[in-house]
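Student: Sharing data28.pdb (PDB, C-alpha atoms) below.
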ATOM      1  CA  MET N   1     -61.574  42.350 -25.399  1.00  0.00           C
ATOM      2  CA  ASN N   2     -58.118  43.637 -24.520  1.00  0.00           C
ATOM      3  CA  ASN N   3     -54.814  42.519 -26.042  1.00  0.00           C
ATOM      4  CA  LYS N   4     -53.848  40.430 -22.992  1.00  0.00           C
ATOM      5  CA  ALA N   5     -57.069  38.410 -23.184  1.00  0.00           C
ATOM      6  CA  LEU N   6     -56.626  37.878 -26.931  1.00  0.00           C
ATOM      7  CA  PHE N   7     -53.013  36.782 -26.374  1.00  0.00           C
ATOM      8  CA  GLY N   8     -54.127  34.250 -23.743  1.00  0.00           C
ATOM      9  CA  LEU N   9     -56.920  32.883 -25.933  1.00  0.00           C
ATOM     10  CA  SER N  10     -54.519  32.632 -28.877  1.00  0.00           C
ATOM     11  CA  LEU N  11     -52.044  30.604 -26.781  1.00  0.00           C
ATOM     12  CA  ILE N  12     -54.808  28.243 -25.632  1.00  0.00           C
ATOM     13  CA  ALA N  13     -56.083  27.807 -29.192  1.00  0.00           C
ATOM     14  CA  LEU N  14     -52.541  27.137 -30.429  1.00  0.00           C
ATOM     15  CA  SER N  15     -51.988  24.529 -27.719  1.00  0.00           C
ATOM     16  CA  VAL N  16     -55.261  22.729 -28.417  1.00  0.00           C
ATOM     17  CA  SER N  17     -54.771  22.706 -32.200  1.00  0.00           C
ATOM     18  CA  ALA N  18     -51.156  21.563 -31.914  1.00  0.00           C
ATOM     19  CA  GLY N  19     -52.167  18.779 -29.528  1.00  0.00           C
ATOM     20  CA  GLN N  20     -54.908  17.649 -31.911  1.00  0.00           C
ATOM     21  CA  ALA N  21     -52.476  17.735 -34.840  1.00  0.00           C
ATOM     22  CA  ALA N  22     -50.041  15.497 -32.967  1.00  0.00           C
ATOM     23  CA  MET N  23     -52.820  13.034 -32.150  1.00  0.00           C
ATOM     24  CA  ALA N  24     -54.070  13.066 -35.757  1.00  0.00           C
ATOM     25  CA  ALA N  25     -50.552  12.234 -36.942  1.00  0.00           C
ATOM     26  CA  GLY N  26     -50.769   8.915 -35.108  1.00  0.00           C
ATOM     27  CA  GLU N  27     -49.150   9.929 -31.828  1.00  0.00           C
ATOM     28  CA  LYS N  28     -50.853   8.694 -28.687  1.00  0.00           C
ATOM     29  CA  GLY N  29     -51.755  11.384 -26.155  1.00  0.00           C
ATOM     30  CA  GLU N  30     -51.593   9.048 -23.150  1.00  0.00           C
ATOM     31  CA  GLY N  31     -49.358  11.298 -21.080  1.00  0.00           C
ATOM     32  CA  PHE N  32     -51.641  14.346 -21.171  1.00  0.00           C
ATOM     33  CA  ILE N  33     -54.289  12.895 -18.834  1.00  0.00           C
ATOM     34  CA  GLU N  34     -52.233  10.280 -16.974  1.00  0.00           C
ATOM     35  CA  GLY N  35     -49.532  12.820 -16.177  1.00  0.00           C
ATOM     36  CA  SER N  36     -52.074  15.366 -14.894  1.00  0.00           C
ATOM     37  CA  SER N  37     -52.554  16.518 -11.323  1.00  0.00           C
ATOM     38  CA  LEU N  38     -55.155  18.604  -9.549  1.00  0.00           C
ATOM     39  CA  THR N  39     -54.396  20.065  -6.128  1.00  0.00           C
ATOM     40  CA  ILE N  40     -56.645  22.110  -3.888  1.00  0.00           C
ATOM     41  CA  LEU N  41     -55.122  23.941  -0.941  1.00  0.00           C
ATOM     42  CA  ASN N  42     -57.139  25.582   1.833  1.00  0.00           C
ATOM     43  CA  ARG N  43     -55.357  28.022   4.102  1.00  0.00           C
ATOM     44  CA  ASN N  44     -56.327  30.414   6.852  1.00  0.00           C
ATOM     45  CA  LEU N  45     -54.436  33.577   7.634  1.00  0.00           C
ATOM     46  CA  TYR N  46     -54.899  35.533  10.834  1.00  0.00           C
ATOM     47  CA  PHE N  47     -52.880  38.708  11.232  1.00  0.00           C
ATOM     48  CA  ASN N  48     -52.821  40.780  14.425  1.00  0.00           C
ATOM     49  CA  ARG N  49     -50.608  43.780  14.985  1.00  0.00           C
ATOM     50  CA  ASP N  50     -50.351  45.594  18.317  1.00  0.00           C
ATOM     51  CA  PHE N  51     -48.902  49.085  17.955  1.00  0.00           C
ATOM     52  CA  ARG N  52     -47.073  49.619  21.240  1.00  0.00           C
ATOM     53  CA  LYS N  53     -45.075  52.554  22.544  1.00  0.00           C
ATOM     54  CA  GLY N  54     -47.498  55.165  21.258  1.00  0.00           C
ATOM     55  CA  GLN N  55     -47.378  54.056  17.626  1.00  0.00           C
ATOM     56  CA  SER N  56     -50.485  54.787  15.633  1.00  0.00           C
ATOM     57  CA  SER N  57     -52.392  52.321  13.494  1.00  0.00           C
ATOM     58  CA  SER N  58     -54.444  53.060  10.413  1.00  0.00           C
ATOM     59  CA  SER N  59     -57.524  52.168  12.485  1.00  0.00           C
ATOM     60  CA  GLY N  60     -56.617  54.687  15.210  1.00  0.00           C
ATOM     61  CA  ASN N  61     -57.189  52.255  18.100  1.00  0.00           C
ATOM     62  CA  GLY N  62     -53.641  50.974  18.621  1.00  0.00           C
ATOM     63  CA  TYR N  63     -54.107  47.558  17.028  1.00  0.00           C
ATOM     64  CA  SER N  64     -55.393  45.883  13.882  1.00  0.00           C
ATOM     65  CA  GLU N  65     -56.440  42.360  13.014  1.00  0.00           C
ATOM     66  CA  GLU N  66     -57.625  40.558   9.912  1.00  0.00           C
ATOM     67  CA  TRP N  67     -58.702  36.975   9.329  1.00  0.00           C
ATOM     68  CA  ALA N  68     -59.224  35.423   5.898  1.00  0.00           C
ATOM     69  CA  HIS N  69     -59.486  32.054   4.170  1.00  0.00           C
ATOM     70  CA  GLY N  70     -57.886  31.183   0.839  1.00  0.00           C
ATOM     71  CA  VAL N  71     -58.732  28.383  -1.584  1.00  0.00           C
ATOM     72  CA  ILE N  72     -56.083  27.635  -4.223  1.00  0.00           C
ATOM     73  CA  GLY N  73     -56.803  25.161  -7.024  1.00  0.00           C
ATOM     74  CA  ARG N  74     -54.043  24.196  -9.451  1.00  0.00           C
ATOM     75  CA  PHE N  75     -54.295  21.895 -12.465  1.00  0.00           C
ATOM     76  CA  GLU N  76     -51.156  20.728 -14.255  1.00  0.00           C
ATOM     77  CA  SER N  77     -51.558  18.467 -17.261  1.00  0.00           C
ATOM     78  CA  GLY N  78     -49.032  15.980 -18.478  1.00  0.00           C
ATOM     79  CA  TYR N  79     -47.602  16.246 -21.970  1.00  0.00           C
ATOM     80  CA  THR N  80     -48.920  14.720 -25.169  1.00  0.00           C
ATOM     81  CA  GLU N  81     -46.669  11.952 -26.440  1.00  0.00           C
ATOM     82  CA  GLY N  82     -44.411  12.505 -29.387  1.00  0.00           C
ATOM     83  CA  THR N  83     -41.250  14.382 -30.245  1.00  0.00           C
ATOM     84  CA  VAL N  84     -42.845  17.612 -29.082  1.00  0.00           C
ATOM     85  CA  GLY N  85     -45.263  17.370 -26.162  1.00  0.00           C
ATOM     86  CA  PHE N  86     -47.933  19.940 -25.326  1.00  0.00           C
ATOM     87  CA  GLY N  87     -49.745  20.650 -22.076  1.00  0.00           C
ATOM     88  CA  VAL N  88     -51.700  23.180 -20.050  1.00  0.00           C
ATOM     89  CA  ASP N  89     -51.390  24.544 -16.501  1.00  0.00           C
ATOM     90  CA  ALA N  90     -54.284  26.451 -14.921  1.00  0.00           C
ATOM     91  CA  PHE N  91     -55.174  27.891 -11.533  1.00  0.00           C
ATOM     92  CA  ALA N  92     -58.143  29.415  -9.737  1.00  0.00           C
ATOM     93  CA  MET N  93     -57.775  31.196  -6.394  1.00  0.00           C
ATOM     94  CA  LEU N  94     -60.316  32.701  -4.025  1.00  0.00           C
ATOM     95  CA  GLY N  95     -59.732  34.821  -0.920  1.00  0.00           C
ATOM     96  CA  LEU N  96     -62.616  35.216   1.557  1.00  0.00           C
ATOM     97  CA  LYS N  97     -62.787  37.725   4.401  1.00  0.00           C
ATOM     98  CA  LEU N  98     -63.740  35.929   7.615  1.00  0.00           C
ATOM     99  CA  ASP N  99     -63.424  38.720  10.157  1.00  0.00           C
ATOM    100  CA  THR N 100     -62.125  42.258  10.053  1.00  0.00           C
ATOM    101  CA  GLY N 101     -64.487  44.990  11.015  1.00  0.00           C
ATOM    102  CA  ASP N 102     -64.572  48.724  11.323  1.00  0.00           C
ATOM    103  CA  GLY N 103     -61.727  49.975  13.441  1.00  0.00           C
ATOM    104  CA  ARG N 104     -59.712  46.748  13.133  1.00  0.00           C
ATOM    105  CA  SER N 105     -58.805  46.317   9.471  1.00  0.00           C
ATOM    106  CA  GLY N 106     -55.589  47.503   7.935  1.00  0.00           C
ATOM    107  CA  ALA N 107     -52.413  45.924   9.211  1.00  0.00           C
ATOM    108  CA  GLY N 108     -50.503  49.128   8.687  1.00  0.00           C
ATOM    109  CA  GLY N 109     -47.386  49.578   6.630  1.00  0.00           C
ATOM    110  CA  SER N 110     -47.140  47.412   3.541  1.00  0.00           C
ATOM    111  CA  VAL N 111     -48.864  44.296   4.921  1.00  0.00           C
ATOM    112  CA  ASP N 112     -52.594  43.852   4.290  1.00  0.00           C
ATOM    113  CA  VAL N 113     -54.440  40.548   4.158  1.00  0.00           C
ATOM    114  CA  MET N 114     -57.295  41.643   1.878  1.00  0.00           C
ATOM    115  CA  PRO N 115     -57.476  44.274  -0.860  1.00  0.00           C
ATOM    116  CA  TYR N 116     -59.318  47.501  -0.021  1.00  0.00           C
ATOM    117  CA  ASN N 117     -62.037  49.369  -1.882  1.00  0.00           C
ATOM    118  CA  SER N 118     -62.094  53.118  -2.518  1.00  0.00           C
ATOM    119  CA  LEU N 119     -63.713  53.724   0.899  1.00  0.00           C
ATOM    120  CA  GLY N 120     -60.789  52.064   2.691  1.00  0.00           C
ATOM    121  CA  GLN N 121     -62.816  48.965   3.667  1.00  0.00           C
ATOM    122  CA  ALA N 122     -61.563  45.404   3.217  1.00  0.00           C
ATOM    123  CA  GLU N 123     -63.239  43.615   0.303  1.00  0.00           C
ATOM    124  CA  ASP N 124     -65.423  40.617   1.185  1.00  0.00           C
ATOM    125  CA  ASN N 125     -63.643  38.441  -1.399  1.00  0.00           C
ATOM    126  CA  TYR N 126     -61.274  38.521  -4.328  1.00  0.00           C
ATOM    127  CA  SER N 127     -60.150  35.994  -6.895  1.00  0.00           C
ATOM    128  CA  LYS N 128     -57.464  35.258  -9.448  1.00  0.00           C
ATOM    129  CA  LEU N 129     -57.673  33.031 -12.536  1.00  0.00           C
ATOM    130  CA  GLY N 130     -54.887  32.177 -14.906  1.00  0.00           C
ATOM    131  CA  GLY N 131     -53.164  29.596 -16.986  1.00  0.00           C
ATOM    132  CA  ALA N 132     -50.243  28.801 -19.213  1.00  0.00           C
ATOM    133  CA  VAL N 133     -49.608  26.615 -22.214  1.00  0.00           C
ATOM    134  CA  LYS N 134     -46.464  24.545 -22.143  1.00  0.00           C
ATOM    135  CA  THR N 135     -44.426  22.521 -24.562  1.00  0.00           C
ATOM    136  CA  ARG N 136     -41.605  20.039 -24.076  1.00  0.00           C
ATOM    137  CA  PHE N 137     -38.951  19.059 -26.573  1.00  0.00           C
ATOM    138  CA  MET N 138     -36.427  16.570 -25.230  1.00  0.00           C
ATOM    139  CA  ASP N 139     -35.049  18.203 -22.049  1.00  0.00           C
ATOM    140  CA  THR N 140     -36.362  21.712 -22.762  1.00  0.00           C
ATOM    141  CA  GLU N 141     -39.636  23.038 -21.376  1.00  0.00           C
ATOM    142  CA  ILE N 142     -41.257  26.306 -22.465  1.00  0.00           C
ATOM    143  CA  LYS N 143     -44.209  27.861 -20.629  1.00  0.00           C
ATOM    144  CA  ALA N 144     -46.158  30.929 -21.776  1.00  0.00           C
ATOM    145  CA  GLY N 145     -48.866  32.670 -19.775  1.00  0.00           C
ATOM    146  CA  ASP N 146     -49.226  32.868 -15.991  1.00  0.00           C
ATOM    147  CA  VAL N 147     -46.215  31.148 -14.444  1.00  0.00           C
ATOM    148  CA  PHE N 148     -44.808  30.478 -10.959  1.00  0.00           C
ATOM    149  CA  PRO N 149     -41.022  30.759 -11.488  1.00  0.00           C
ATOM    150  CA  VAL N 150     -38.505  29.347  -9.026  1.00  0.00           C
ATOM    151  CA  SER N 151     -34.959  30.426  -9.846  1.00  0.00           C
ATOM    152  CA  PRO N 152     -32.017  32.159  -8.177  1.00  0.00           C
ATOM    153  CA  VAL N 153     -33.011  35.411  -9.912  1.00  0.00           C
ATOM    154  CA  VAL N 154     -36.793  35.512  -9.412  1.00  0.00           C
ATOM    155  CA  GLN N 155     -39.233  33.438  -7.399  1.00  0.00           C
ATOM    156  CA  TYR N 156     -42.965  33.819  -6.903  1.00  0.00           C
ATOM    157  CA  GLY N 157     -44.062  34.813  -3.402  1.00  0.00           C
ATOM    158  CA  ASP N 158     -46.241  32.456  -1.381  1.00  0.00           C
ATOM    159  CA  ALA N 159     -46.241  34.263   1.976  1.00  0.00           C
ATOM    160  CA  ARG N 160     -49.658  35.938   1.606  1.00  0.00           C
ATOM    161  CA  LEU N 161     -53.196  34.580   1.508  1.00  0.00           C
ATOM    162  CA  LEU N 162     -52.938  33.865  -2.224  1.00  0.00           C
ATOM    163  CA  PRO N 163     -49.593  33.356  -3.986  1.00  0.00           C
ATOM    164  CA  GLU N 164     -48.443  35.740  -6.675  1.00  0.00           C
ATOM    165  CA  SER N 165     -47.946  34.712 -10.274  1.00  0.00           C
ATOM    166  CA  PHE N 166     -46.014  36.286 -13.119  1.00  0.00           C
ATOM    167  CA  ARG N 167     -47.138  36.705 -16.716  1.00  0.00           C
ATOM    168  CA  GLY N 168     -44.570  35.901 -19.342  1.00  0.00           C
ATOM    169  CA  ILE N 169     -42.519  33.147 -20.966  1.00  0.00           C
ATOM    170  CA  THR N 170     -40.060  30.821 -19.228  1.00  0.00           C
ATOM    171  CA  VAL N 171     -37.581  28.356 -20.723  1.00  0.00           C
ATOM    172  CA  ALA N 172     -35.812  25.627 -18.754  1.00  0.00           C
ATOM    173  CA  ASN N 173     -33.276  23.085 -20.014  1.00  0.00           C
ATOM    174  CA  THR N 174     -31.829  20.146 -18.070  1.00  0.00           C
ATOM    175  CA  SER N 175     -29.835  18.378 -20.819  1.00  0.00           C
ATOM    176  CA  VAL N 176     -26.590  18.333 -18.828  1.00  0.00           C
ATOM    177  CA  GLU N 177     -26.699  16.299 -15.625  1.00  0.00           C
ATOM    178  CA  GLY N 178     -26.380  18.537 -12.579  1.00  0.00           C
ATOM    179  CA  LEU N 179     -26.948  21.729 -14.618  1.00  0.00           C
ATOM    180  CA  SER N 180     -30.229  23.581 -15.074  1.00  0.00           C
ATOM    181  CA  LEU N 181     -30.372  26.482 -17.537  1.00  0.00           C
ATOM    182  CA  GLN N 182     -33.280  28.898 -17.151  1.00  0.00           C
ATOM    183  CA  GLY N 183     -34.361  31.996 -18.984  1.00  0.00           C
ATOM    184  CA  GLY N 184     -37.448  33.975 -19.727  1.00  0.00           C
ATOM    185  CA  ARG N 185     -39.267  37.264 -19.838  1.00  0.00           C
ATOM    186  CA  LEU N 186     -41.691  38.159 -17.072  1.00  0.00           C
TER     187      LEU N 186
END
Could I get this file's structure written as structure tokens?
Tutor:
Amino acid sequence: MNNKALFGLSLIALSVSAGQAAMAAGEKGEGFIEGSSLTILNRNLYFNRDFRKGQSSSSGNGYSEEWAHGVIGRFESGYTEGTVGFGVDAFAMLGLKLDTGDGRSGAGGSVDVMPYNSLGQAEDNYSKLGGAVKTRFMDTEIKAGDVFPVSPVVQYGDARLLPESFRGITVANTSVEGLSLQGGRL
């Protein structure tokens, strides 16, 4: 097992044990389940590029097209009750190739719908799994693991079949009305 996997398992174990400790101390954990949400998003992406004016495509036929389907599942728990609340966010994503055959795959440039194998062929499917533990103390929220930051400095991209995520730690504080302080390491 690599260090990243051990780090992730350690964070999950810490979250679970801390949540159980809070419940054992007499705190009710009503917000963890009641504040939870599960969303599943299905999206299709069709990309067609026509290389006009003598431009060449990676397929050599003057055009390329790819069609794929993405399934994105996201679970966000609420927080355990108490002075310090704990929670978990998790996601599972799957990208499926629907149609892109020999001579048509490869959008050219830096835009490709599916990842490619060593033979230059589009993969039939690919997936991403991840999660983060989170804690809340008053108006401060800390997340560690796979995060989807939205800030003026960095924001995750959602323009492809499956959105990107960042691995790291984020801190957000909203103690002052109208002011949001954010920090982290990604």
Student: For a test of reading the model, state the distance in Å between CA of Leu38 (chain N) and CA of Val88 (chain N), rounded to one decimal.
Tutor: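 Going from CA of Leu38 (chain N) over to CA of Val88 (chain N), I get 12.0 Å.
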Student: What gap, in Å, lies between CA of Ser127 (chain N) and CA of Ser165 (chain N)?
Tutor: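 Taking CA of Ser127 (chain N) as the start and CA of Ser165 (chain N) as the end point, the length is 12.7 Å.
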Student: Under the PyMOL selection byres ((chain N and resi 145) around 10), which residues of this model are included? Write them out as a VMD selection string.
Tutor: chain N and resid 4 7 to 8 11 to 12 88 to 90 130 to 134 143 to 144 146 to 148 165 to 170 186
Student: Using CA of Val153 (chain N) and CA of Val113 (chain N) as the two end points, give the distance in Å to one decimal.
Tutor: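 So the answer is 26.1 Å.
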Student: Could you tell me which residues the PyMOL selection byres ((chain N and resi 83) around 8) grabs in this file, written as a list of chain:residue names?
Tutor: N:Glu81, N:Gly82, N:Val84, N:Gly85, N:Phe137, N:Met138
Student: Since we have the selection now, will you write its residues out, keeping C-alpha atoms, as a PDB file, in the coordinates of the input?
Tutor:
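For reference, part-v6.pdb as written:
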ATOM      1  CA  GLU N  81     -46.669  11.952 -26.440  1.00  0.00           C
ATOM      2  CA  GLY N  82     -44.411  12.505 -29.387  1.00  0.00           C
ATOM      3  CA  VAL N  84     -42.845  17.612 -29.082  1.00  0.00           C
ATOM      4  CA  GLY N  85     -45.263  17.370 -26.162  1.00  0.00           C
ATOM      5  CA  PHE N 137     -38.951  19.059 -26.573  1.00  0.00           C
ATOM      6  CA  MET N 138     -36.427  16.570 -25.230  1.00  0.00           C
TER       7      MET N 138
END
